[in-house]
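Here's upload_2.tsv, which has TSV, C-alpha atoms and all ligand atoms:
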chain	number	residue	atom	x	y	z
A	286	ALA	CA	154.63	123.89	103.11
A	287	ALA	CA	156.07	121.66	100.40
A	288	ALA	CA	156.81	123.34	97.07
A	289	PRO	CA	154.03	122.63	94.60
A	290	THR	CA	154.89	120.28	91.78
A	291	ARG	CA	152.99	120.52	88.57
A	292	ARG	CA	150.99	117.58	87.27
A	293	SER	CA	150.06	117.30	83.63
A	294	ILE	CA	146.54	118.00	82.39
A	295	ARG	CA	144.56	114.87	81.62
A	296	GLU	CA	141.08	114.27	80.27
A	297	LEU	CA	138.96	112.46	82.84
A	298	PRO	CA	137.55	109.07	81.92
A	299	ASP	CA	133.87	109.07	80.92
A	300	GLU	CA	132.76	107.07	83.94
A	301	LEU	CA	134.36	109.58	86.31
A	302	ILE	CA	132.82	112.52	84.42
A	303	SER	CA	129.40	110.94	84.94
A	304	GLN	CA	130.07	110.27	88.61
A	305	ILE	CA	131.10	113.88	89.15
A	306	ALA	CA	128.04	115.13	87.27
A	307	ALA	CA	125.86	112.75	89.27
A	308	GLY	CA	126.86	114.64	92.40
A	309	GLU	CA	124.81	117.59	91.16
A	310	VAL	CA	121.73	115.61	90.17
A	311	VAL	CA	121.56	112.67	92.56
A	312	GLU	CA	121.75	113.64	96.19
A	313	ARG	CA	119.51	110.93	97.62
A	314	PRO	CA	116.82	108.43	96.58
A	315	ALA	CA	114.26	111.22	96.26
A	316	SER	CA	116.38	112.83	93.50
A	317	VAL	CA	116.15	109.58	91.55
A	318	VAL	CA	112.39	109.45	92.08
A	319	ARG	CA	112.04	113.03	90.87
A	320	GLU	CA	114.06	112.43	87.69
A	321	LEU	CA	112.35	109.15	86.83
A	322	VAL	CA	108.85	110.55	87.37
A	323	ASP	CA	109.82	113.54	85.21
A	324	ASN	CA	110.76	111.08	82.47
A	325	ALA	CA	107.52	109.12	82.82
A	326	LEU	CA	105.50	112.33	82.53
A	327	ASP	CA	107.52	113.45	79.50
A	328	ALA	CA	106.66	110.10	77.91
A	329	GLY	CA	102.95	110.87	78.30
A	330	ALA	CA	102.25	108.39	81.11
A	331	THR	CA	98.78	108.41	82.66
A	332	GLN	CA	99.61	105.90	85.42
A	333	ILE	CA	102.88	105.89	87.35
A	334	GLN	CA	103.87	103.31	89.94
A	335	VAL	CA	106.71	104.01	92.35
A	336	LYS	CA	108.04	100.95	94.19
A	337	LEU	CA	110.61	101.47	96.91
A	338	MET	CA	112.70	99.23	99.15
A	339	ALA	CA	114.44	100.55	102.27
A	340	GLY	CA	113.45	104.15	101.66
A	341	GLY	CA	114.66	103.87	98.06
A	342	VAL	CA	118.25	103.08	99.04
A	343	ARG	CA	117.91	99.35	98.23
A	344	ALA	CA	115.62	99.79	95.24
A	345	ILE	CA	113.55	102.29	93.30
A	346	VAL	CA	111.41	100.90	90.51
A	347	ILE	CA	109.27	103.29	88.50
A	348	GLU	CA	106.79	101.92	86.00
A	349	ASP	CA	104.83	103.98	83.51
A	350	ASP	CA	102.39	103.44	80.66
A	351	GLY	CA	104.03	106.05	78.42
A	352	LEU	CA	105.32	105.84	74.88
A	353	GLY	CA	108.28	103.60	75.70
A	354	ILE	CA	111.82	103.58	74.31
A	355	PRO	CA	112.52	101.72	71.04
A	356	VAL	CA	114.93	98.82	71.58
A	357	ASP	CA	117.63	100.32	69.34
A	358	GLU	CA	117.60	103.50	71.46
A	359	LEU	CA	117.84	101.81	74.87
A	360	PRO	CA	121.66	102.07	75.06
A	361	LEU	CA	121.46	105.74	73.96
A	362	ALA	CA	119.06	106.55	76.78
A	363	LEU	CA	121.91	105.82	79.20
A	364	LYS	CA	124.43	108.02	77.46
A	365	ARG	CA	125.35	111.42	78.81
A	366	HIS	CA	123.88	114.36	76.86
A	367	ALA	CA	121.66	112.06	74.82
A	368	THR	CA	118.03	113.18	74.72
A	369	SER	CA	114.92	112.89	72.56
A	370	LYS	CA	113.60	116.21	73.89
A	371	ILE	CA	115.64	118.97	72.28
A	372	ARG	CA	117.64	119.19	69.09
A	373	SER	CA	118.79	122.82	69.04
A	374	LEU	CA	119.20	125.95	71.12
A	375	ASP	CA	115.88	127.16	69.70
A	376	ASP	CA	114.16	124.11	71.16
A	377	LEU	CA	115.68	124.93	74.53
A	378	GLU	CA	114.02	128.38	74.45
A	379	SER	CA	110.59	126.83	74.17
A	380	VAL	CA	111.14	123.54	76.00
A	381	ALA	CA	107.86	122.10	77.26
A	382	THR	CA	109.20	118.84	78.72
A	383	MET	CA	110.51	118.40	82.25
A	384	GLY	CA	113.81	117.03	80.96
A	385	PHE	CA	116.11	118.18	78.18
A	386	ARG	CA	119.69	117.80	79.45
A	387	GLY	CA	119.97	114.09	78.78
A	388	GLU	CA	121.82	113.61	82.04
A	389	ALA	CA	119.61	111.86	84.54
A	390	LEU	CA	119.81	108.25	83.41
A	391	ALA	CA	123.57	108.52	82.78
A	392	ALA	CA	124.10	110.09	86.20
A	393	ILE	CA	121.96	107.58	88.06
A	394	SER	CA	123.54	104.60	86.31
A	395	SER	CA	127.00	105.82	87.33
A	396	VAL	CA	126.11	105.71	91.04
A	397	ALA	CA	123.70	102.77	91.16
A	398	GLU	CA	122.80	99.54	89.46
A	399	MET	CA	120.23	100.19	86.81
A	400	ALA	CA	118.08	98.39	84.29
A	401	LEU	CA	115.68	99.76	81.68
A	402	LEU	CA	112.71	97.73	80.56
A	403	SER	CA	110.59	99.18	77.82
A	404	ARG	CA	108.05	98.42	75.14
A	405	CYS	CA	106.72	100.70	72.42
A	406	GLU	CA	103.36	100.47	70.69
A	407	GLY	CA	103.49	97.81	67.99
A	408	ALA	CA	106.55	96.01	69.40
A	409	ALA	CA	106.23	92.23	69.70
A	410	HIS	CA	107.52	92.29	73.27
A	411	ALA	CA	109.55	94.37	75.71
A	412	HIS	CA	113.34	94.53	76.07
A	413	ARG	CA	115.44	94.80	79.18
A	414	LEU	CA	118.83	96.47	79.17
A	415	ASP	CA	121.16	95.99	82.11
A	416	ALA	CA	123.22	99.17	82.41
A	417	ARG	CA	126.30	97.60	83.97
A	418	SER	CA	126.73	94.58	81.72
A	419	GLY	CA	125.12	96.08	78.64
A	420	GLU	CA	123.16	92.86	78.31
A	421	LEU	CA	119.97	93.23	76.26
A	422	ALA	CA	117.29	90.56	76.58
A	423	PRO	CA	113.64	90.08	75.66
A	424	ALA	CA	111.25	90.78	78.51
A	425	ALA	CA	107.55	90.95	79.24
A	426	ARG	CA	105.46	94.01	79.98
A	427	SER	CA	102.74	96.09	78.34
A	428	ARG	CA	103.45	99.39	76.59
A	429	GLY	CA	105.58	101.72	78.67
A	430	THR	CA	108.80	101.80	80.61
A	431	SER	CA	110.10	100.42	83.91
A	432	ILE	CA	113.31	101.76	85.31
A	433	GLU	CA	114.94	99.80	88.12
A	434	VAL	CA	117.56	101.43	90.30
A	435	ARG	CA	119.27	99.36	92.98
A	436	GLU	CA	121.92	99.92	95.64
A	437	LEU	CA	122.24	103.67	95.27
A	438	PHE	CA	125.79	104.91	95.91
A	439	PHE	CA	127.09	101.32	96.20
A	440	SER	CA	130.30	102.41	94.46
A	441	THR	CA	130.60	105.74	96.29
A	442	PRO	CA	130.50	104.88	100.02
A	443	ALA	CA	131.37	108.47	100.92
A	444	ARG	CA	128.01	109.58	99.51
A	445	ARG	CA	126.17	106.65	100.94
A	446	LYS	CA	127.23	107.81	104.41
A	447	PHE	CA	125.25	111.02	103.92
A	448	LEU	CA	122.00	109.11	103.59
A	449	LYS	CA	119.66	109.32	106.57
A	450	THR	CA	117.46	106.57	107.99
A	451	ASP	CA	115.19	104.65	105.63
A	452	ALA	CA	112.19	106.41	107.15
A	453	THR	CA	113.67	109.84	106.40
A	454	GLU	CA	114.65	108.86	102.86
A	455	LEU	CA	111.16	107.47	102.31
A	456	ALA	CA	109.66	110.76	103.50
A	457	HIS	CA	111.80	112.64	100.97
A	458	CYS	CA	110.72	110.24	98.22
A	459	MET	CA	107.06	110.77	99.16
A	460	GLU	CA	107.56	114.52	99.02
A	461	ALA	CA	109.05	114.18	95.52
A	462	VAL	CA	105.99	112.24	94.35
A	463	ARG	CA	103.66	114.69	96.10
A	464	ARG	CA	105.20	117.60	94.19
A	465	HIS	CA	104.50	115.87	90.91
A	466	ALA	CA	101.05	114.69	91.97
A	467	LEU	CA	99.89	118.21	92.88
A	468	ALA	CA	100.77	119.48	89.42
A	469	ARG	CA	99.38	116.50	87.48
A	470	PRO	CA	95.89	115.53	88.64
A	471	ASP	CA	95.43	114.01	85.16
A	472	VAL	CA	97.93	111.29	86.06
A	473	GLY	CA	97.43	108.50	88.60
A	474	PHE	CA	100.23	107.87	91.11
A	475	THR	CA	100.72	104.77	93.25
A	476	VAL	CA	103.53	104.35	95.77
A	477	TRP	CA	104.63	101.08	97.34
A	478	HIS	CA	107.20	100.58	100.10
A	479	GLU	CA	108.55	97.13	100.97
A	480	GLY	CA	105.71	95.64	98.94
A	481	LYS	CA	103.00	97.51	100.82
A	482	LEU	CA	100.76	100.13	99.24
A	483	VAL	CA	101.54	103.44	100.97
A	484	GLU	CA	99.79	106.00	98.77
A	485	GLN	CA	97.43	106.09	95.85
A	486	TRP	CA	96.25	109.20	94.09
A	487	ARG	CA	93.73	108.45	91.38
A	488	ILE	CA	93.15	110.69	88.37
A	489	ALA	CA	90.97	113.53	89.64
A	490	SER	CA	90.02	117.17	89.21
A	491	SER	CA	92.67	119.68	90.32
A	492	GLU	CA	90.68	120.51	93.42
A	493	GLN	CA	90.14	116.88	94.34
A	494	ARG	CA	93.85	116.14	93.84
A	495	LEU	CA	94.78	119.02	96.16
A	496	SER	CA	92.46	117.60	98.75
A	497	ASP	CA	93.77	114.04	98.24
A	498	VAL	CA	97.40	115.09	98.55
A	499	LEU	CA	97.28	117.86	101.15
A	500	GLY	CA	94.16	116.85	103.03
A	501	ALA	CA	90.56	118.08	102.89
A	502	GLU	CA	91.38	120.57	105.68
A	503	PHE	CA	93.67	122.46	103.35
A	504	LEU	CA	90.81	123.15	100.94
A	505	ALA	CA	88.66	124.37	103.79
A	506	VAL	CA	91.26	126.81	105.11
A	507	SER	CA	92.52	128.12	101.78
A	508	ARG	CA	91.15	130.33	99.03
A	509	ALA	CA	91.38	130.15	95.26
A	510	VAL	CA	93.97	132.39	93.62
A	511	PHE	CA	93.53	133.52	90.08
A	512	SER	CA	95.08	136.33	88.13
A	513	GLU	CA	95.77	136.76	84.46
A	514	ARG	CA	97.70	139.55	82.85
A	515	GLY	CA	98.65	139.01	79.22
A	516	PRO	CA	100.61	135.78	78.95
A	517	LEU	CA	101.25	135.66	82.71
A	518	ARG	CA	98.83	133.54	84.70
A	519	VAL	CA	98.92	132.89	88.44
A	520	TYR	CA	96.50	130.43	90.00
A	521	GLY	CA	96.19	127.89	92.76
A	522	ARG	CA	95.26	128.14	96.42
A	523	ALA	CA	96.55	130.28	99.26
A	524	GLY	CA	96.07	129.22	102.86
A	525	LEU	CA	94.24	131.60	105.18
A	526	PRO	CA	96.25	133.00	108.08
A	527	GLU	CA	94.74	130.37	110.37
A	528	ALA	CA	96.25	127.71	108.07
A	529	ALA	CA	99.74	129.04	108.75
A	530	ARG	CA	102.26	126.56	110.07
A	531	SER	CA	105.36	126.72	112.21
A	532	ARG	CA	107.36	125.15	109.39
A	533	ALA	CA	107.51	126.03	105.70
A	534	ASP	CA	106.44	122.53	104.74
A	535	MET	CA	103.33	123.29	102.70
A	536	GLN	CA	104.64	125.69	100.13
A	537	TYR	CA	104.45	124.58	96.53
A	538	VAL	CA	105.31	126.83	93.60
A	539	TYR	CA	105.32	125.67	90.00
A	540	VAL	CA	106.52	127.52	86.94
A	541	ASN	CA	105.11	126.07	83.74
A	542	GLY	CA	104.36	122.85	85.54
A	543	ARG	CA	107.78	122.48	87.11
A	544	PHE	CA	108.21	122.60	90.90
A	545	VAL	CA	110.65	125.38	91.73
A	546	ARG	CA	112.18	127.11	94.71
A	547	ASP	CA	112.31	130.78	93.94
A	548	LYS	CA	113.17	133.54	96.41
A	549	LEU	CA	111.45	136.21	94.35
A	550	ILE	CA	108.13	134.37	94.18
A	551	ALA	CA	108.36	133.29	97.82
A	552	HIS	CA	108.92	136.92	98.75
A	553	GLY	CA	105.99	138.07	96.63
A	554	ILE	CA	103.71	135.60	98.39
A	555	ARG	CA	105.09	136.41	101.83
A	556	SER	CA	104.48	140.11	101.30
A	557	ALA	CA	100.82	139.40	100.53
A	558	TYR	CA	100.62	138.02	104.07
A	559	GLU	CA	102.55	140.82	105.74
A	560	ASP	CA	99.56	142.32	107.55
A	561	VAL	CA	98.03	139.03	108.59
A	562	LEU	CA	100.92	136.74	109.47
A	563	HIS	CA	103.36	137.58	112.20
A	564	GLY	CA	106.61	136.25	113.49
A	565	HIS	CA	107.80	133.01	112.05
A	566	ARG	CA	104.39	131.68	111.03
A	567	GLN	CA	104.64	130.13	107.56
A	568	PRO	CA	101.84	130.45	105.02
A	569	SER	CA	100.75	127.34	103.15
A	570	TYR	CA	100.07	127.57	99.43
A	571	VAL	CA	100.07	125.84	96.09
A	572	LEU	CA	100.68	128.28	93.26
A	573	PHE	CA	101.00	127.66	89.57
A	574	ILE	CA	102.63	130.30	87.44
A	575	GLU	CA	102.29	130.10	83.71
A	576	ILE	CA	104.45	132.29	81.58
A	577	ALA	CA	105.67	132.37	77.99
A	578	PRO	CA	108.60	129.90	77.89
A	579	ASP	CA	110.93	132.53	76.42
A	580	ARG	CA	110.40	134.72	79.53
A	581	VAL	CA	111.92	132.16	81.86
A	582	ASP	CA	115.25	130.34	81.79
A	583	VAL	CA	115.00	126.84	83.24
A	584	ASN	CA	118.57	125.94	82.41
A	585	VAL	CA	120.08	127.49	85.53
A	586	HIS	CA	120.57	124.47	87.73
A	587	PRO	CA	121.11	120.77	86.88
A	588	THR	CA	118.04	119.81	88.88
A	589	LYS	CA	116.05	122.70	87.34
A	590	ILE	CA	114.71	123.59	90.77
A	591	GLU	CA	115.85	127.15	90.21
A	592	VAL	CA	114.72	129.35	87.34
A	593	ARG	CA	115.53	132.85	86.16
A	594	PHE	CA	112.86	135.30	85.03
A	595	ARG	CA	113.22	138.01	82.48
A	596	ASP	CA	110.63	140.22	84.19
A	597	GLY	CA	111.18	139.45	87.84
A	598	ARG	CA	109.56	142.58	89.22
A	599	GLU	CA	106.41	142.11	87.23
A	600	ILE	CA	106.05	138.54	88.39
A	601	HIS	CA	106.73	139.49	92.00
A	602	GLN	CA	103.96	142.09	91.85
A	603	GLN	CA	101.44	139.92	90.14
A	604	VAL	CA	102.01	137.06	92.57
A	605	ARG	CA	101.69	139.43	95.50
A	606	TYR	CA	98.46	141.00	94.29
A	607	ALA	CA	96.96	137.68	93.23
A	608	VAL	CA	97.47	136.23	96.70
A	609	GLN	CA	96.41	139.47	98.40
A	610	ASP	CA	93.18	139.48	96.39
A	611	ALA	CA	92.45	135.88	97.33
A	612	LEU	CA	92.99	136.63	101.02
A	613	ALA	CA	91.03	139.89	100.90
A	614	LEU	CA	88.10	138.16	99.20
A	615	SER	CA	87.99	135.71	102.03
A	616	ARG	CA	88.01	138.55	104.57
A	617	SER	CA	85.00	140.23	102.98
A	618	ALA	CA	83.30	136.84	102.65
A	619	ALA	CA	83.88	136.28	106.35
A	620	ALA	CA	82.48	139.75	107.08
A	621	GLU	CA	79.37	138.96	105.04
A	622	ASN	CA	78.85	135.78	107.00
A	623	LEU	CA	78.83	137.82	110.20
A	624	GLU	CA	76.01	140.05	108.97
A	625	PRO	CA	72.66	139.11	110.39
B	1	LIG	P1	116.24	113.85	79.47
B	1	LIG	O1	114.99	113.53	80.24
B	1	LIG	O2	116.84	115.15	79.85
B	1	LIG	O3	116.07	113.70	78.00
B	1	LIG	P2	117.24	111.41	80.71
B	1	LIG	O4	118.63	110.94	80.97
B	1	LIG	O5	116.35	111.59	81.87
B	1	LIG	O6	117.36	112.78	79.88
B	1	LIG	O7	116.56	110.41	79.68
B	1	LIG	C1	117.21	110.16	78.43
B	1	LIG	C2	116.19	109.77	77.36
B	1	LIG	O8	115.66	108.48	77.62
B	1	LIG	C3	114.99	110.69	77.26
B	1	LIG	O9	115.25	111.80	76.40
B	1	LIG	C4	113.91	109.77	76.69
B	1	LIG	O10	113.95	109.72	75.29
B	1	LIG	C5	114.30	108.41	77.23
B	1	LIG	N1	113.49	108.03	78.42
B	1	LIG	C6	113.89	108.05	79.72
B	1	LIG	N2	112.92	107.63	80.53
B	1	LIG	C7	111.87	107.33	79.75
B	1	LIG	C8	110.53	106.84	80.00
B	1	LIG	N3	110.10	106.58	81.25
B	1	LIG	N4	109.72	106.65	78.93
B	1	LIG	C9	110.13	106.92	77.68
B	1	LIG	N5	111.38	107.38	77.38
B	1	LIG	C10	112.23	107.59	78.40
B	2	MG	MG	114.95	113.17	82.32

Could you write out this structure as structure tokens?
Amino acid sequence: AAAPTRRSIRELPDELISQIAAGEVVERPASVVRELVDNALDAGATQIQVKLMAGGVRAIVIEDDGLGIPVDELPLALKRHATSKIRSLDDLESVATMGFRGEALAAISSVAEMALLSRCEGAAHAHRLDARSGELAPAARSRGTSIEVRELFFSTPARRKFLKTDATELAHCMEAVRRHALARPDVGFTVWHEGKLVEQWRIASSEQRLSDVLGAEFLAVSRAVFSERGPLRVYGRAGLPEAARSRADMQYVYVNGRFVRDKLIAHGIRSAYEDVLHGHRQPSYVLFIEIAPDRVDVNVHPTKIEVRFRDGREIHQQVRYAVQDALALSRSAAAENLEP
């Protein structure tokens, strides 16, 4: 091998720093959808429209009726580590918003073409900022924000090659919206693909939303979960053994409103099913865990899909017993039905 020659240390240019960081946050169109819907929810939106072209690869446009971004802050919204959501480490300990890292818009705009269109209450009109050119122009829309993302990974063909077919990317985008929709029945979601309406979930009760998103069958073959111990609350619905699936594609866990993938919680749930589910059968469930914000660290992963608990064992147990109780209740209910 050739002898190594030393190269001097250099600071990377800002654009490259963002592109590297984007690798962690933006994997595919669905990641963009997730981040932009997070932002719309943080802005207090009650109606969110998701408009996609070619599975989101050509275009993702997300429109909300939230608080908007003041025109003088539009350029800041695109800057890395610029956020309206936290100011200090203390704020981070009690963060109630989905976002707080101030990374998403900067990351997305470094790997796609992007424009922000926004109008606040009381503003005479909207403004549109083109991320690439920096051009700011008057625009028309009602209160709220539209974010347009086009040609994802146009400047990073290596990443673009990892994208699957439009149909697959669309399915991932739909799953991203579904995850939000399950947690926020108080918000209406509409999804369009290639100009055609593909999904509409109107504002509804939690139960109705579950049924709208996962199908009425799921309600019929699942039981309510509820358990409260001090500040720890576990609720939602657990599928009966007959609702088990061959794939783990109906498993939704939320911690303080945020969709997460957590081995500990998944294990707690799985162990509640140990006597009733065999082999590779996968339970279906939607579980919401509410916990004091200082008992959980959400700043573990750039996408915040992983969290760390302070009292892991306790949570594992409570989840397990909550689901067990729900399933046991249904067994005794079934037994009662059999009585003459
Ligand atoms: P974060 O959400 O972590 O703050 P983002 O890069 O996602 O970082 O967004 C940067 C900032 O832009 C947000 O803090 C917020 O003030 C503003 N913003 C982004 N999207 C919206 C939106 N849909 N409505 C209102 N403000 C938004
Ligand atoms: Mg955000």

Neighbours of range 511-525 of chain A within 6 Å (only C-alpha atoms; same-chain residues fewer than 5 positions away dropped), as a PyMOL selection string? chain A and resi 506+569-576+607

Would you name the residues within 9 Å of ligand MG 2 (chain B), counting all atoms listed in the file, and put them as a compact mmCIF listing (two decimals) with C-alpha atoms, in the frame of the given file?
# COMPACT_ATOMS: atom_id res chain seq x y z
CA GLU A 320 114.06 112.43 87.69
CA LEU A 321 112.35 109.15 86.83
CA VAL A 322 108.85 110.55 87.37
CA ASP A 323 109.82 113.54 85.21
CA ASN A 324 110.76 111.08 82.47
CA ALA A 325 107.52 109.12 82.82
CA ASP A 327 107.52 113.45 79.50
CA THR A 368 118.03 113.18 74.72
CA THR A 382 109.20 118.84 78.72
CA MET A 383 110.51 118.40 82.25
CA GLY A 384 113.81 117.03 80.96
CA PHE A 385 116.11 118.18 78.18
CA ARG A 386 119.69 117.80 79.45
CA GLY A 387 119.97 114.09 78.78
CA GLU A 388 121.82 113.61 82.04
CA ALA A 389 119.61 111.86 84.54
CA LEU A 390 119.81 108.25 83.41

Closest pair table for chain A residues within 10 Å of ligand LIG 1 (chain B), all atoms listed in the file, as JSON lines:
{"residue": "A:Val317", "atom": "CA", "partner": "B:LIG1", "partner_atom": "O5", "distance": 9.9}
{"residue": "A:Glu320", "atom": "CA", "partner": "B:LIG1", "partner_atom": "O5", "distance": 6.3}
{"residue": "A:Leu321", "atom": "CA", "partner": "B:LIG1", "partner_atom": "N2", "distance": 6.5}
{"residue": "A:Val322", "atom": "CA", "partner": "B:LIG1", "partner_atom": "N3", "distance": 7.4}
{"residue": "A:Asp323", "atom": "CA", "partner": "B:LIG1", "partner_atom": "O1", "distance": 7.2}
{"residue": "A:Asn324", "atom": "CA", "partner": "B:LIG1", "partner_atom": "N2", "distance": 4.5}
{"residue": "A:Ala325", "atom": "CA", "partner": "B:LIG1", "partner_atom": "N3", "distance": 3.9}
{"residue": "A:Leu326", "atom": "CA", "partner": "B:LIG1", "partner_atom": "N3", "distance": 7.5}
{"residue": "A:Asp327", "atom": "CA", "partner": "B:LIG1", "partner_atom": "N4", "distance": 7.2}
{"residue": "A:Ala328", "atom": "CA", "partner": "B:LIG1", "partner_atom": "C9", "distance": 4.7}
{"residue": "A:Gly329", "atom": "CA", "partner": "B:LIG1", "partner_atom": "N4", "distance": 8.0}
{"residue": "A:Ala330", "atom": "CA", "partner": "B:LIG1", "partner_atom": "N4", "distance": 8.0}
{"residue": "A:Ile333", "atom": "CA", "partner": "B:LIG1", "partner_atom": "N3", "distance": 9.5}
{"residue": "A:Ile347", "atom": "CA", "partner": "B:LIG1", "partner_atom": "N3", "distance": 8.0}
{"residue": "A:Glu348", "atom": "CA", "partner": "B:LIG1", "partner_atom": "N3", "distance": 7.4}
{"residue": "A:Asp349", "atom": "CA", "partner": "B:LIG1", "partner_atom": "N3", "distance": 6.3}
{"residue": "A:Asp350", "atom": "CA", "partner": "B:LIG1", "partner_atom": "N4", "distance": 8.2}
{"residue": "A:Gly351", "atom": "CA", "partner": "B:LIG1", "partner_atom": "N4", "distance": 5.7}
{"residue": "A:Leu352", "atom": "CA", "partner": "B:LIG1", "partner_atom": "C9", "distance": 5.7}
{"residue": "A:Gly353", "atom": "CA", "partner": "B:LIG1", "partner_atom": "C9", "distance": 4.3}
{"residue": "A:Ile354", "atom": "CA", "partner": "B:LIG1", "partner_atom": "N5", "distance": 4.9}
{"residue": "A:Pro355", "atom": "CA", "partner": "B:LIG1", "partner_atom": "N5", "distance": 8.6}
{"residue": "A:Glu358", "atom": "CA", "partner": "B:LIG1", "partner_atom": "O8", "distance": 8.2}
{"residue": "A:Leu359", "atom": "CA", "partner": "B:LIG1", "partner_atom": "O8", "distance": 7.5}
{"residue": "A:Pro360", "atom": "CA", "partner": "B:LIG1", "partner_atom": "O8", "distance": 9.1}
{"residue": "A:Leu361", "atom": "CA", "partner": "B:LIG1", "partner_atom": "O8", "distance": 7.4}
{"residue": "A:Ala362", "atom": "CA", "partner": "B:LIG1", "partner_atom": "O8", "distance": 4.0}
{"residue": "A:Leu363", "atom": "CA", "partner": "B:LIG1", "partner_atom": "O4", "distance": 6.3}
{"residue": "A:Lys364", "atom": "CA", "partner": "B:LIG1", "partner_atom": "O4", "distance": 7.4}
{"residue": "A:Arg365", "atom": "CA", "partner": "B:LIG1", "partner_atom": "O4", "distance": 7.1}
{"residue": "A:His366", "atom": "CA", "partner": "B:LIG1", "partner_atom": "O6", "distance": 7.4}
{"residue": "A:Ala367", "atom": "CA", "partner": "B:LIG1", "partner_atom": "C1", "distance": 6.0}
{"residue": "A:Thr368", "atom": "CA", "partner": "B:LIG1", "partner_atom": "O9", "distance": 3.5}
{"residue": "A:Ser369", "atom": "CA", "partner": "B:LIG1", "partner_atom": "O9", "distance": 4.0}
{"residue": "A:Lys370", "atom": "CA", "partner": "B:LIG1", "partner_atom": "O9", "distance": 5.3}
{"residue": "A:Ile371", "atom": "CA", "partner": "B:LIG1", "partner_atom": "O3", "distance": 7.8}
{"residue": "A:Thr382", "atom": "CA", "partner": "B:LIG1", "partner_atom": "O1", "distance": 8.0}
{"residue": "A:Met383", "atom": "CA", "partner": "B:LIG1", "partner_atom": "O1", "distance": 6.9}
{"residue": "A:Gly384", "atom": "CA", "partner": "B:LIG1", "partner_atom": "O2", "distance": 3.7}
{"residue": "A:Phe385", "atom": "CA", "partner": "B:LIG1", "partner_atom": "O2", "distance": 3.5}
{"residue": "A:Arg386", "atom": "CA", "partner": "B:LIG1", "partner_atom": "O2", "distance": 3.9}
{"residue": "A:Gly387", "atom": "CA", "partner": "B:LIG1", "partner_atom": "O6", "distance": 3.1}
{"residue": "A:Glu388", "atom": "CA", "partner": "B:LIG1", "partner_atom": "O4", "distance": 4.3}
{"residue": "A:Ala389", "atom": "CA", "partner": "B:LIG1", "partner_atom": "O4", "distance": 3.8}
{"residue": "A:Leu390", "atom": "CA", "partner": "B:LIG1", "partner_atom": "O4", "distance": 3.8}
{"residue": "A:Ala391", "atom": "CA", "partner": "B:LIG1", "partner_atom": "O4", "distance": 5.8}
{"residue": "A:Ala392", "atom": "CA", "partner": "B:LIG1", "partner_atom": "O4", "distance": 7.6}
{"residue": "A:Ile393", "atom": "CA", "partner": "B:LIG1", "partner_atom": "O4", "distance": 8.5}
{"residue": "A:Ser394", "atom": "CA", "partner": "B:LIG1", "partner_atom": "O4", "distance": 9.6}
{"residue": "A:Leu401", "atom": "CA", "partner": "B:LIG1", "partner_atom": "N2", "distance": 8.4}
{"residue": "A:Leu402", "atom": "CA", "partner": "B:LIG1", "partner_atom": "N3", "distance": 9.3}
{"residue": "A:Ser403", "atom": "CA", "partner": "B:LIG1", "partner_atom": "N4", "distance": 7.6}
{"residue": "A:Arg404", "atom": "CA", "partner": "B:LIG1", "partner_atom": "C9", "distance": 9.1}
{"residue": "A:Cys405", "atom": "CA", "partner": "B:LIG1", "partner_atom": "C9", "distance": 8.8}
{"residue": "A:Arg428", "atom": "CA", "partner": "B:LIG1", "partner_atom": "N4", "distance": 9.9}
{"residue": "A:Gly429", "atom": "CA", "partner": "B:LIG1", "partner_atom": "N4", "distance": 6.4}
{"residue": "A:Thr430", "atom": "CA", "partner": "B:LIG1", "partner_atom": "N3", "distance": 5.0}
{"residue": "A:Ser431", "atom": "CA", "partner": "B:LIG1", "partner_atom": "N3", "distance": 6.7}
{"residue": "A:Ile432", "atom": "CA", "partner": "B:LIG1", "partner_atom": "N3", "distance": 7.1}
{"residue": "A:Pro587", "atom": "CA", "partner": "B:LIG1", "partner_atom": "O2", "distance": 10.0}

Counting all atoms listed in the file, the residue among A:Ala425, A:Ala315, A:Ala577, A:Ile302 that lies closest to Met459 in chain A is A:Ala315

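Distances from A:Ala509, A:Val581, A:Leu301, A:Leu562 to Leu495 in chain A were compared using only C-alpha atoms, and the smallest one belongs to A:Ala509.
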